[in-house]
$ cat start_34.pdb   # PDB, C-alpha atoms
ATOM      1  CA  MET A   2     -11.800  28.069 137.944
ATOM      2  CA  GLU A   3      -8.847  26.190 136.516
ATOM      3  CA  ILE A   4      -7.076  23.394 138.412
ATOM      4  CA  LEU A   5      -3.771  21.966 137.226
ATOM      5  CA  ILE A   6      -3.182  18.290 137.895
ATOM      6  CA  LYS A   7       0.158  16.511 137.903
ATOM      7  CA  ASN A   8       0.744  13.068 136.324
ATOM      8  CA  MET A   9      -2.055  13.129 133.751
ATOM      9  CA  VAL A  10      -0.409  11.502 130.731
ATOM     10  CA  CYS A  11      -3.042   9.660 128.701
ATOM     11  CA  PRO A  12      -6.737   9.521 127.839
ATOM     12  CA  ARG A  13      -7.317   7.012 130.667
ATOM     13  CA  CYS A  14      -6.028   9.642 133.099
ATOM     14  CA  ILE A  15      -8.709  12.033 131.869
ATOM     15  CA  GLU A  16     -11.334   9.342 132.576
ATOM     16  CA  ALA A  17      -9.924   8.725 136.067
ATOM     17  CA  VAL A  18     -10.057  12.450 136.909
ATOM     18  CA  LYS A  19     -13.583  12.655 135.451
ATOM     19  CA  GLN A  20     -14.649   9.794 137.763
ATOM     20  CA  SER A  21     -13.298  11.643 140.799
ATOM     21  CA  LEU A  22     -15.100  14.838 139.831
ATOM     22  CA  ASP A  23     -18.371  13.005 139.138
ATOM     23  CA  LEU A  24     -18.150  11.013 142.373
ATOM     24  CA  LEU A  25     -17.704  14.212 144.376
ATOM     25  CA  ASP A  26     -20.414  15.980 142.347
ATOM     26  CA  ILE A  27     -18.037  18.728 141.216
ATOM     27  CA  PRO A  28     -19.303  20.381 138.005
ATOM     28  CA  TYR A  29     -16.687  21.001 135.321
ATOM     29  CA  GLU A  30     -16.566  22.472 131.824
ATOM     30  CA  SER A  31     -13.648  20.532 130.374
ATOM     31  CA  ILE A  32     -10.854  18.103 131.178
ATOM     32  CA  VAL A  33      -7.631  17.882 129.172
ATOM     33  CA  LEU A  34      -4.238  16.442 130.049
ATOM     34  CA  GLY A  35      -2.997  18.279 133.126
ATOM     35  CA  LYS A  36      -5.915  20.667 133.426
ATOM     36  CA  VAL A  37      -9.546  20.799 134.586
ATOM     37  CA  GLN A  38     -11.779  23.791 133.978
ATOM     38  CA  LEU A  39     -14.363  23.879 136.772
ATOM     39  CA  LYS A  40     -17.685  25.704 136.540
ATOM     40  CA  SER A  41     -17.175  27.400 139.920
ATOM     41  CA  GLN A  42     -14.769  27.850 142.815
ATOM     42  CA  LEU A  43     -14.289  24.897 145.152
ATOM     43  CA  SER A  44     -14.879  25.112 148.869
ATOM     44  CA  ILE A  45     -11.902  24.136 151.017
ATOM     45  CA  ASP A  46     -13.741  20.951 152.000
ATOM     46  CA  LYS A  47     -14.455  19.961 148.366
ATOM     47  CA  LYS A  48     -10.877  20.735 147.360
ATOM     48  CA  THR A  49      -9.563  18.552 150.192
ATOM     49  CA  HIS A  50     -11.809  15.660 149.129
ATOM     50  CA  LEU A  51     -10.860  16.089 145.478
ATOM     51  CA  SER A  52      -7.174  16.185 146.380
ATOM     52  CA  ALA A  53      -7.502  12.951 148.387
ATOM     53  CA  SER A  54      -9.443  11.235 145.600
ATOM     54  CA  LEU A  55      -6.911  12.265 142.957
ATOM     55  CA  ASP A  56      -3.991  11.338 145.207
ATOM     56  CA  ALA A  57      -5.400   7.824 145.598
ATOM     57  CA  LYS A  58      -5.288   7.517 141.792
ATOM     58  CA  GLY A  59      -1.710   8.809 141.502
ATOM     59  CA  PHE A  60      -2.505  12.435 140.630
ATOM     60  CA  GLU A  61      -1.757  15.641 142.472
ATOM     61  CA  ILE A  62      -3.310  19.098 142.415
ATOM     62  CA  LEU A  63      -0.552  21.593 141.682
ATOM     63  CA  GLU A  64      -0.440  24.638 143.890
ATOM     64  CA  SER A  65       2.711  26.493 142.889
ATOM     65  CA  LYS A  66       3.005  28.309 139.581
ATOM     66  CA  ASN A  67       6.358  26.671 138.799
ATOM     67  CA  SER A  68       5.062  23.159 139.462
ATOM     68  CA  ALA A  69       2.038  23.892 137.338
ATOM     69  CA  LEU A  70       4.178  25.204 134.484
ATOM     70  CA  ILE A  71       6.431  22.137 134.525
ATOM     71  CA  SER A  72       3.394  19.874 134.539
ATOM     72  CA  GLN A  73       2.000  21.754 131.547
ATOM     73  CA  ILE A  74       5.317  21.372 129.683
ATOM     74  CA  LYS A  75       5.294  17.619 130.317
ATOM     75  CA  SER A  76       1.636  17.253 129.357
ATOM     76  CA  LEU A  77       2.095  19.156 126.096
ATOM     77  CA  LEU A  78       5.163  17.118 125.176
ATOM     78  CA  ILE A  79       3.561  13.780 126.052
ATOM     79  CA  GLU A  80       0.414  14.696 124.139
ATOM     80  CA  GLN A  81       2.441  15.687 121.073
ATOM     81  CA  ILE A  82       4.870  12.750 121.120
ATOM     82  CA  HIS A  83       2.540   9.940 122.167
ATOM     83  CA  HIS A  84      -0.915  10.972 121.009
ATOM     84  CA  ALA A  85      -0.690  13.422 118.076
ATOM     85  CA  ASP A  86      -1.599  12.073 114.658
ATOM     86  CA  GLN A  87       0.845  14.202 112.722
ATOM     87  CA  ASN A  88       4.292  15.777 112.992
ATOM     88  CA  LEU A  89       4.614  19.010 114.884
ATOM     89  CA  GLY A  90       5.700  21.056 111.857
ATOM     90  CA  GLU A  91       7.802  23.343 114.055
ATOM     91  CA  ASN A  92      10.444  22.795 116.667
ATOM     92  CA  PHE A  93       9.454  21.980 120.233
ATOM     93  CA  SER A  94      10.869  25.222 121.617
ATOM     94  CA  THR A  95       8.555  27.318 119.427
ATOM     95  CA  PHE A  96       5.638  24.994 120.176
ATOM     96  CA  LEU A  97       6.091  25.277 123.960
ATOM     97  CA  ALA A  98       6.724  29.023 123.923
ATOM     98  CA  GLU A  99       3.537  29.652 121.936
ATOM     99  CA  LYS A 100       1.340  27.224 123.890
ATOM    100  CA  LEU A 101       2.480  28.462 127.297
ATOM    101  CA  ASP A 102       2.984  32.129 126.396
ATOM    102  CA  HIS A 103       6.482  32.195 127.932
ATOM    103  CA  GLU A 104       9.921  32.616 126.441
ATOM    104  CA  TYR A 105      11.499  29.250 125.796
ATOM    105  CA  THR A 106      14.729  30.171 127.609
ATOM    106  CA  SER A 107      12.841  30.764 130.867
ATOM    107  CA  LEU A 108      10.837  27.540 130.434
ATOM    108  CA  SER A 109      14.037  25.615 129.732
ATOM    109  CA  ARG A 110      15.870  27.085 132.729
ATOM    110  CA  LEU A 111      12.981  26.362 135.112
ATOM    111  CA  PHE A 112      12.532  22.817 133.810
ATOM    112  CA  SER A 113      16.236  22.024 134.194
ATOM    113  CA  GLN A 114      16.389  23.459 137.714
ATOM    114  CA  VAL A 115      13.393  21.509 138.967
ATOM    115  CA  GLU A 116      13.636  18.259 136.984
ATOM    116  CA  GLY A 117      17.426  17.930 136.815
ATOM    117  CA  ILE A 118      17.384  17.297 133.038
ATOM    118  CA  THR A 119      16.905  19.540 130.048
ATOM    119  CA  ILE A 120      13.668  19.733 128.079
ATOM    120  CA  GLU A 121      15.565  18.332 125.102
ATOM    121  CA  ARG A 122      16.629  15.265 127.104
ATOM    122  CA  TYR A 123      13.055  14.809 128.332
ATOM    123  CA  ILE A 124      11.810  14.984 124.723
ATOM    124  CA  THR A 125      14.409  12.403 123.664
ATOM    125  CA  ARG A 126      13.352  10.043 126.456
ATOM    126  CA  GLN A 127       9.688  10.402 125.532
ATOM    127  CA  LYS A 128      10.434   9.789 121.865
ATOM    128  CA  ILE A 129      12.449   6.670 122.666
ATOM    129  CA  GLU A 130       9.581   5.355 124.804
ATOM    130  CA  ARG A 131       7.253   5.938 121.851
ATOM    131  CA  VAL A 132       9.690   4.156 119.513
ATOM    132  CA  LYS A 133       9.757   1.184 121.910
ATOM    133  CA  GLU A 134       5.981   1.065 121.905
ATOM    134  CA  LEU A 135       5.757   1.200 118.119
ATOM    135  CA  LEU A 136       8.463  -1.461 117.753
ATOM    136  CA  PHE A 137       6.816  -3.711 120.316
ATOM    137  CA  TYR A 138       3.461  -3.619 118.561
ATOM    138  CA  ASP A 139       5.135  -3.921 115.163
ATOM    139  CA  GLN A 140       2.874  -1.245 113.677
ATOM    140  CA  LEU A 141       5.411   0.641 111.580
ATOM    141  CA  ASN A 142       8.845  -0.008 110.134
ATOM    142  CA  LEU A 143      11.822   2.020 111.362
ATOM    143  CA  SER A 144      11.662   4.506 108.454
ATOM    144  CA  GLU A 145       8.003   5.209 109.185
ATOM    145  CA  ILE A 146       8.719   5.581 112.892
ATOM    146  CA  ALA A 147      11.591   8.006 112.194
ATOM    147  CA  PHE A 148       9.324  10.107 109.970
ATOM    148  CA  LYS A 149       6.393   9.992 112.429
ATOM    149  CA  LEU A 150       8.555  11.224 115.300
ATOM    150  CA  GLY A 151      10.350  13.892 113.290
ATOM    151  CA  TYR A 152      13.812  12.326 113.095
ATOM    152  CA  SER A 153      15.946  13.486 110.182
ATOM    153  CA  SER A 154      17.024   9.917 109.402
ATOM    154  CA  VAL A 155      16.769   6.319 110.536
ATOM    155  CA  ALA A 156      20.476   6.439 111.395
ATOM    156  CA  TYR A 157      19.926   9.361 113.807
ATOM    157  CA  LEU A 158      16.956   7.612 115.411
ATOM    158  CA  SER A 159      19.004   4.408 115.788
ATOM    159  CA  ALA A 160      21.930   6.298 117.331
ATOM    160  CA  GLN A 161      19.672   8.018 119.889
ATOM    161  CA  PHE A 162      17.891   4.754 120.625
ATOM    162  CA  LYS A 163      21.184   2.939 121.273
ATOM    163  CA  LYS A 164      22.490   5.793 123.425
ATOM    164  CA  GLU A 165      19.313   5.742 125.547
ATOM    165  CA  THR A 166      18.677   1.982 125.797
ATOM    166  CA  GLY A 167      22.077   0.386 125.145
ATOM    167  CA  MET A 168      20.754  -1.585 122.173
ATOM    168  CA  THR A 169      19.789  -0.932 118.584
ATOM    169  CA  PRO A 170      16.120  -0.850 117.557
ATOM    170  CA  SER A 171      16.605  -4.211 115.803
ATOM    171  CA  GLU A 172      18.066  -5.779 118.946
ATOM    172  CA  PHE A 173      15.193  -4.367 120.999
ATOM    173  CA  LYS A 174      12.657  -5.773 118.552
ATOM    174  CA  ARG A 175      14.317  -9.219 118.602
ATOM    175  CA  ASN A 176      14.385  -9.252 122.413
ATOM    176  CA  GLN A 177      10.736  -8.224 122.630
ATOM    177  CA  SER A 178       9.485 -10.726 120.052
ATOM    178  CA  GLY A 179      10.865 -13.533 122.186
ATOM    179  CA  LYS A 180       8.803 -12.280 125.154
ATOM    180  CA  ARG A 181       5.453 -12.375 123.341
ATOM    181  CA  THR A 182       3.377 -15.506 123.578
ATOM    182  CA  SER A 183       0.663 -16.630 121.264
ATOM    183  CA  LEU A 184      -2.806 -17.404 122.553
ATOM    184  CA  ASP A 185      -2.068 -21.136 122.087
ATOM    185  CA  GLN A 186       0.718 -20.897 124.680
ATOM    186  CA  VAL A 187      -1.420 -19.224 127.352
TER
END

$ encode --input "start_34.pdb" --output "structure tokens"
Amino acid sequence: MEILIKNMVCPRCIEAVKQSLDLLDIPYESIVLGKVQLKSQLSIDKKTHLSASLDAKGFEILESKNSALISQIKSLLIEQIHHADQNLGENFSTFLAEKLDHEYTSLSRLFSQVEGITIERYITRQKIERVKELLFYDQLNLSEIAFKLGYSSVAYLSAQFKKETGMTPSEFKRNQSGKRTSLDQV
């Protein structure tokens, strides 16, 4: 039995869901972002307890097909943008259509209706959050970040960053470096 779970966005979320399943002694085959494959059907009582446990941790079992599909879209995009080691190699529309076995136009329409923004805008926001993270930790220079996230140029990345945050990547980096403290100052 497959259960779809909303708000799973990182490896720590997988651990949190695993803890809930283990605590309630619910056997499972696998856990990935947004999805748990159980070994058997859940009783109504077990499902209620699992739902309460997950809710306490900020997750939600998805009941409707549309909610589940939107959660899957978000999970796939977050996984690809924040956690993948290499570039996608194809555009996001093809990636989503193939992974979810739906036409991209129907996925896009549903996402926009429910979320109030387009998938493209959601992707841009996720990419900018990833850029902020990489700038904050000073792991890569802007050219490397642009390449890693599939931007055609540093200029395009900078323009999107400024449009989304109101500042350039350099300004963001300067502002953030002033907020860090060394261990001597703690």

$ closest_residue --input "start_34.pdb" --among "A:Gln38, A:Thr49, A:Ser68, A:Gln177" --to "Glu134 of chain A" --atoms "only C-alpha atoms"
A:Gln177

$ resolve_selection --input "start_34.pdb" --expression "the PyMOL selection byres ((chain A and resi 67) around 12)" --output "PyMOL selection string"
chain A and resi 5+7+63-66+68-74+107-116

$ axis_aligned_box --input "start_34.pdb" --around "segment 76-81 of chain A" --padding-each-side "5 Å" --output "AutoDock Vina command-line options"
--center_x 2.8 --center_y 16.5 --center_z 125.2 --size_x 14.7 --size_y 15.4 --size_z 18.3

$ closest_residue --input "start_34.pdb" --among "A:Met2, A:Leu55, A:Glu99, A:Ser94" --to "Ser31 of chain A" --atoms "all atoms listed in the file"
A:Met2

$ closest_residue --input "start_34.pdb" --among "A:Arg126, A:Arg131, A:Lys100, A:Arg175" --to "Ala85 of chain A" --atoms "all atoms listed in the file"
A:Arg131

$ atom_distance --input "start_34.pdb" --atom1 "atom CA of Glu145 of chain A" --atom2 "atom CA of Phe173 of chain A"
16.8 Å

$ resolve_selection --input "start_34.pdb" --expression "the PyMOL selection byres ((chain A and resi 10) around 10)" --output "list in words"
Lys7, Asn8, Met9, Cys11, Pro12, Arg13, Cys14, Ile15, Val33, Leu34, Gly35, Ser72, Lys75, Ser76, Leu77, Leu78, Ile79, Glu80, His83 and His84 of chain A

$ atom_distance --input "start_34.pdb" --atom1 "atom CA of Lys36 of chain A" --atom2 "atom CA of Glu61 of chain A"
11.2 Å

$ atom_distance --input "start_34.pdb" --atom1 "atom CA of Phe93 of chain A" --atom2 "atom CA of Ile62 of chain A"
25.8 Å

$ residues_near_point --input "start_34.pdb" --point "(17.5, 7.5, 112.2)" --cutoff "12 Å" --atoms "all atoms listed in the file" --output "PyMOL selection string"
chain A and resi 129+132+142-163+169-170

$ resolve_selection --input "start_34.pdb" --expression "the PyMOL selection byres ((chain A and resi 48) around 12)" --output "VMD selection string"
chain A and resid 2 4 21 to 22 25 to 27 39 41 to 47 49 to 56 61 to 64

$ closest_residue --input "start_34.pdb" --among "A:Met168, A:Leu136, A:Ile124, A:Ala17" --to "Phe60 of chain A" --atoms "all atoms listed in the file"
A:Ala17

$ decode --input "start_34.pdb" --residues "segment 98-125 of chain A" --atoms "N, CA, C and O atoms" --output "PDB file, in the first residue's frame"
ATOM      1  N   ALA A  98       6.680  15.206 -16.536  1.00  0.00           N
ATOM      2  CA  ALA A  98       5.749  14.399 -17.328  1.00  0.00           C
ATOM      3  C   ALA A  98       6.151  12.927 -17.308  1.00  0.00           C
ATOM      4  O   ALA A  98       5.298  12.042 -17.147  1.00  0.00           O
ATOM      5  N   GLU A  99       7.443  12.658 -17.443  1.00  0.00           N
ATOM      6  CA  GLU A  99       7.911  11.267 -17.448  1.00  0.00           C
ATOM      7  C   GLU A  99       7.812  10.636 -16.061  1.00  0.00           C
ATOM      8  O   GLU A  99       7.362   9.502 -15.929  1.00  0.00           O
ATOM      9  N   LYS A 100       8.214  11.360 -15.037  1.00  0.00           N
ATOM     10  CA  LYS A 100       8.192  10.807 -13.673  1.00  0.00           C
ATOM     11  C   LYS A 100       6.779  10.530 -13.174  1.00  0.00           C
ATOM     12  O   LYS A 100       6.551   9.577 -12.444  1.00  0.00           O
ATOM     13  N   LEU A 101       5.842  11.399 -13.556  1.00  0.00           N
ATOM     14  CA  LEU A 101       4.478  11.291 -13.034  1.00  0.00           C
ATOM     15  C   LEU A 101       3.503  10.654 -14.018  1.00  0.00           C
ATOM     16  O   LEU A 101       2.329  10.474 -13.699  1.00  0.00           O
ATOM     17  N   ASP A 102       3.991  10.360 -15.219  1.00  0.00           N
ATOM     18  CA  ASP A 102       3.169   9.716 -16.246  1.00  0.00           C
ATOM     19  C   ASP A 102       1.872  10.493 -16.516  1.00  0.00           C
ATOM     20  O   ASP A 102       0.781   9.929 -16.559  1.00  0.00           O
ATOM     21  N   HIS A 103       2.031  11.817 -16.645  1.00  0.00           N
ATOM     22  CA  HIS A 103       0.927  12.717 -16.997  1.00  0.00           C
ATOM     23  C   HIS A 103       1.450  13.715 -18.025  1.00  0.00           C
ATOM     24  O   HIS A 103       2.636  14.013 -18.044  1.00  0.00           O
ATOM     25  N   GLU A 104       0.562  14.254 -18.812  1.00  0.00           N
ATOM     26  CA  GLU A 104       0.968  15.319 -19.727  1.00  0.00           C
ATOM     27  C   GLU A 104       1.299  16.562 -18.912  1.00  0.00           C
ATOM     28  O   GLU A 104       0.609  16.890 -17.945  1.00  0.00           O
ATOM     29  N   TYR A 105       2.358  17.250 -19.330  1.00  0.00           N
ATOM     30  CA  TYR A 105       2.797  18.411 -18.575  1.00  0.00           C
ATOM     31  C   TYR A 105       1.725  19.493 -18.523  1.00  0.00           C
ATOM     32  O   TYR A 105       1.551  20.144 -17.487  1.00  0.00           O
ATOM     33  N   THR A 106       0.982  19.687 -19.607  1.00  0.00           N
ATOM     34  CA  THR A 106      -0.039  20.745 -19.613  1.00  0.00           C
ATOM     35  C   THR A 106      -1.078  20.517 -18.519  1.00  0.00           C
ATOM     36  O   THR A 106      -1.507  21.462 -17.863  1.00  0.00           O
ATOM     37  N   SER A 107      -1.470  19.269 -18.286  1.00  0.00           N
ATOM     38  CA  SER A 107      -2.463  19.006 -17.240  1.00  0.00           C
ATOM     39  C   SER A 107      -1.847  19.181 -15.854  1.00  0.00           C
ATOM     40  O   SER A 107      -2.491  19.694 -14.937  1.00  0.00           O
ATOM     41  N   LEU A 108      -0.576  18.795 -15.692  1.00  0.00           N
ATOM     42  CA  LEU A 108       0.110  19.007 -14.416  1.00  0.00           C
ATOM     43  C   LEU A 108       0.221  20.504 -14.128  1.00  0.00           C
ATOM     44  O   LEU A 108      -0.040  20.957 -13.007  1.00  0.00           O
ATOM     45  N   SER A 109       0.614  21.260 -15.142  1.00  0.00           N
ATOM     46  CA  SER A 109       0.793  22.699 -15.005  1.00  0.00           C
ATOM     47  C   SER A 109      -0.519  23.393 -14.644  1.00  0.00           C
ATOM     48  O   SER A 109      -0.559  24.251 -13.761  1.00  0.00           O
ATOM     49  N   ARG A 110      -1.581  23.013 -15.324  1.00  0.00           N
ATOM     50  CA  ARG A 110      -2.901  23.623 -15.078  1.00  0.00           C
ATOM     51  C   ARG A 110      -3.365  23.332 -13.647  1.00  0.00           C
ATOM     52  O   ARG A 110      -3.790  24.231 -12.917  1.00  0.00           O
ATOM     53  N   LEU A 111      -3.248  22.079 -13.224  1.00  0.00           N
ATOM     54  CA  LEU A 111      -3.659  21.693 -11.877  1.00  0.00           C
ATOM     55  C   LEU A 111      -2.841  22.434 -10.821  1.00  0.00           C
ATOM     56  O   LEU A 111      -3.392  22.987  -9.869  1.00  0.00           O
ATOM     57  N   PHE A 112      -1.530  22.468 -11.010  1.00  0.00           N
ATOM     58  CA  PHE A 112      -0.645  23.134 -10.059  1.00  0.00           C
ATOM     59  C   PHE A 112      -1.018  24.608  -9.922  1.00  0.00           C
ATOM     60  O   PHE A 112      -1.141  25.124  -8.813  1.00  0.00           O
ATOM     61  N   SER A 113      -1.221  25.278 -11.022  1.00  0.00           N
ATOM     62  CA  SER A 113      -1.567  26.704 -11.002  1.00  0.00           C
ATOM     63  C   SER A 113      -2.905  26.948 -10.315  1.00  0.00           C
ATOM     64  O   SER A 113      -3.042  27.906  -9.540  1.00  0.00           O
ATOM     65  N   GLN A 114      -3.880  26.092 -10.584  1.00  0.00           N
ATOM     66  CA  GLN A 114      -5.203  26.256  -9.976  1.00  0.00           C
ATOM     67  C   GLN A 114      -5.148  26.103  -8.461  1.00  0.00           C
ATOM     68  O   GLN A 114      -5.750  26.877  -7.724  1.00  0.00           O
ATOM     69  N   VAL A 115      -4.409  25.124  -7.995  1.00  0.00           N
ATOM     70  CA  VAL A 115      -4.381  24.829  -6.564  1.00  0.00           C
ATOM     71  C   VAL A 115      -3.393  25.716  -5.808  1.00  0.00           C
ATOM     72  O   VAL A 115      -3.707  26.229  -4.734  1.00  0.00           O
ATOM     73  N   GLU A 116      -2.212  25.933  -6.366  1.00  0.00           N
ATOM     74  CA  GLU A 116      -1.159  26.660  -5.658  1.00  0.00           C
ATOM     75  C   GLU A 116      -1.186  28.172  -5.906  1.00  0.00           C
ATOM     76  O   GLU A 116      -0.584  28.921  -5.151  1.00  0.00           O
ATOM     77  N   GLY A 117      -1.821  28.604  -6.979  1.00  0.00           N
ATOM     78  CA  GLY A 117      -1.898  30.029  -7.275  1.00  0.00           C
ATOM     79  C   GLY A 117      -0.652  30.594  -7.942  1.00  0.00           C
ATOM     80  O   GLY A 117      -0.537  31.800  -8.120  1.00  0.00           O
ATOM     81  N   ILE A 118       0.316  29.736  -8.273  1.00  0.00           N
ATOM     82  CA  ILE A 118       1.500  30.131  -9.039  1.00  0.00           C
ATOM     83  C   ILE A 118       1.784  29.031 -10.058  1.00  0.00           C
ATOM     84  O   ILE A 118       1.328  27.903  -9.908  1.00  0.00           O
ATOM     85  N   THR A 119       2.551  29.371 -11.056  1.00  0.00           N
ATOM     86  CA  THR A 119       2.892  28.373 -12.068  1.00  0.00           C
ATOM     87  C   THR A 119       4.015  27.471 -11.564  1.00  0.00           C
ATOM     88  O   THR A 119       4.744  27.820 -10.624  1.00  0.00           O
ATOM     89  N   ILE A 120       4.170  26.326 -12.193  1.00  0.00           N
ATOM     90  CA  ILE A 120       5.279  25.433 -11.864  1.00  0.00           C
ATOM     91  C   ILE A 120       6.597  26.151 -12.118  1.00  0.00           C
ATOM     92  O   ILE A 120       7.543  26.031 -11.330  1.00  0.00           O
ATOM     93  N   GLU A 121       6.667  26.909 -13.200  1.00  0.00           N
ATOM     94  CA  GLU A 121       7.892  27.623 -13.536  1.00  0.00           C
ATOM     95  C   GLU A 121       8.286  28.600 -12.425  1.00  0.00           C
ATOM     96  O   GLU A 121       9.454  28.710 -12.062  1.00  0.00           O
ATOM     97  N   ARG A 122       7.307  29.303 -11.896  1.00  0.00           N
ATOM     98  CA  ARG A 122       7.566  30.262 -10.801  1.00  0.00           C
ATOM     99  C   ARG A 122       8.029  29.513  -9.549  1.00  0.00           C
ATOM    100  O   ARG A 122       8.918  29.954  -8.829  1.00  0.00           O
ATOM    101  N   TYR A 123       7.407  28.377  -9.280  1.00  0.00           N
ATOM    102  CA  TYR A 123       7.794  27.550  -8.140  1.00  0.00           C
ATOM    103  C   TYR A 123       9.243  27.079  -8.295  1.00  0.00           C
ATOM    104  O   TYR A 123      10.021  27.117  -7.335  1.00  0.00           O
ATOM    105  N   ILE A 124       9.598  26.650  -9.509  1.00  0.00           N
ATOM    106  CA  ILE A 124      10.969  26.214  -9.794  1.00  0.00           C
ATOM    107  C   ILE A 124      11.937  27.376  -9.555  1.00  0.00           C
ATOM    108  O   ILE A 124      12.978  27.207  -8.911  1.00  0.00           O
ATOM    109  N   THR A 125      11.589  28.560 -10.062  1.00  0.00           N
ATOM    110  CA  THR A 125      12.446  29.729  -9.877  1.00  0.00           C
ATOM    111  C   THR A 125      12.649  30.013  -8.397  1.00  0.00           C
ATOM    112  O   THR A 125      13.772  30.245  -7.950  1.00  0.00           O
TER     113      THR A 125
END
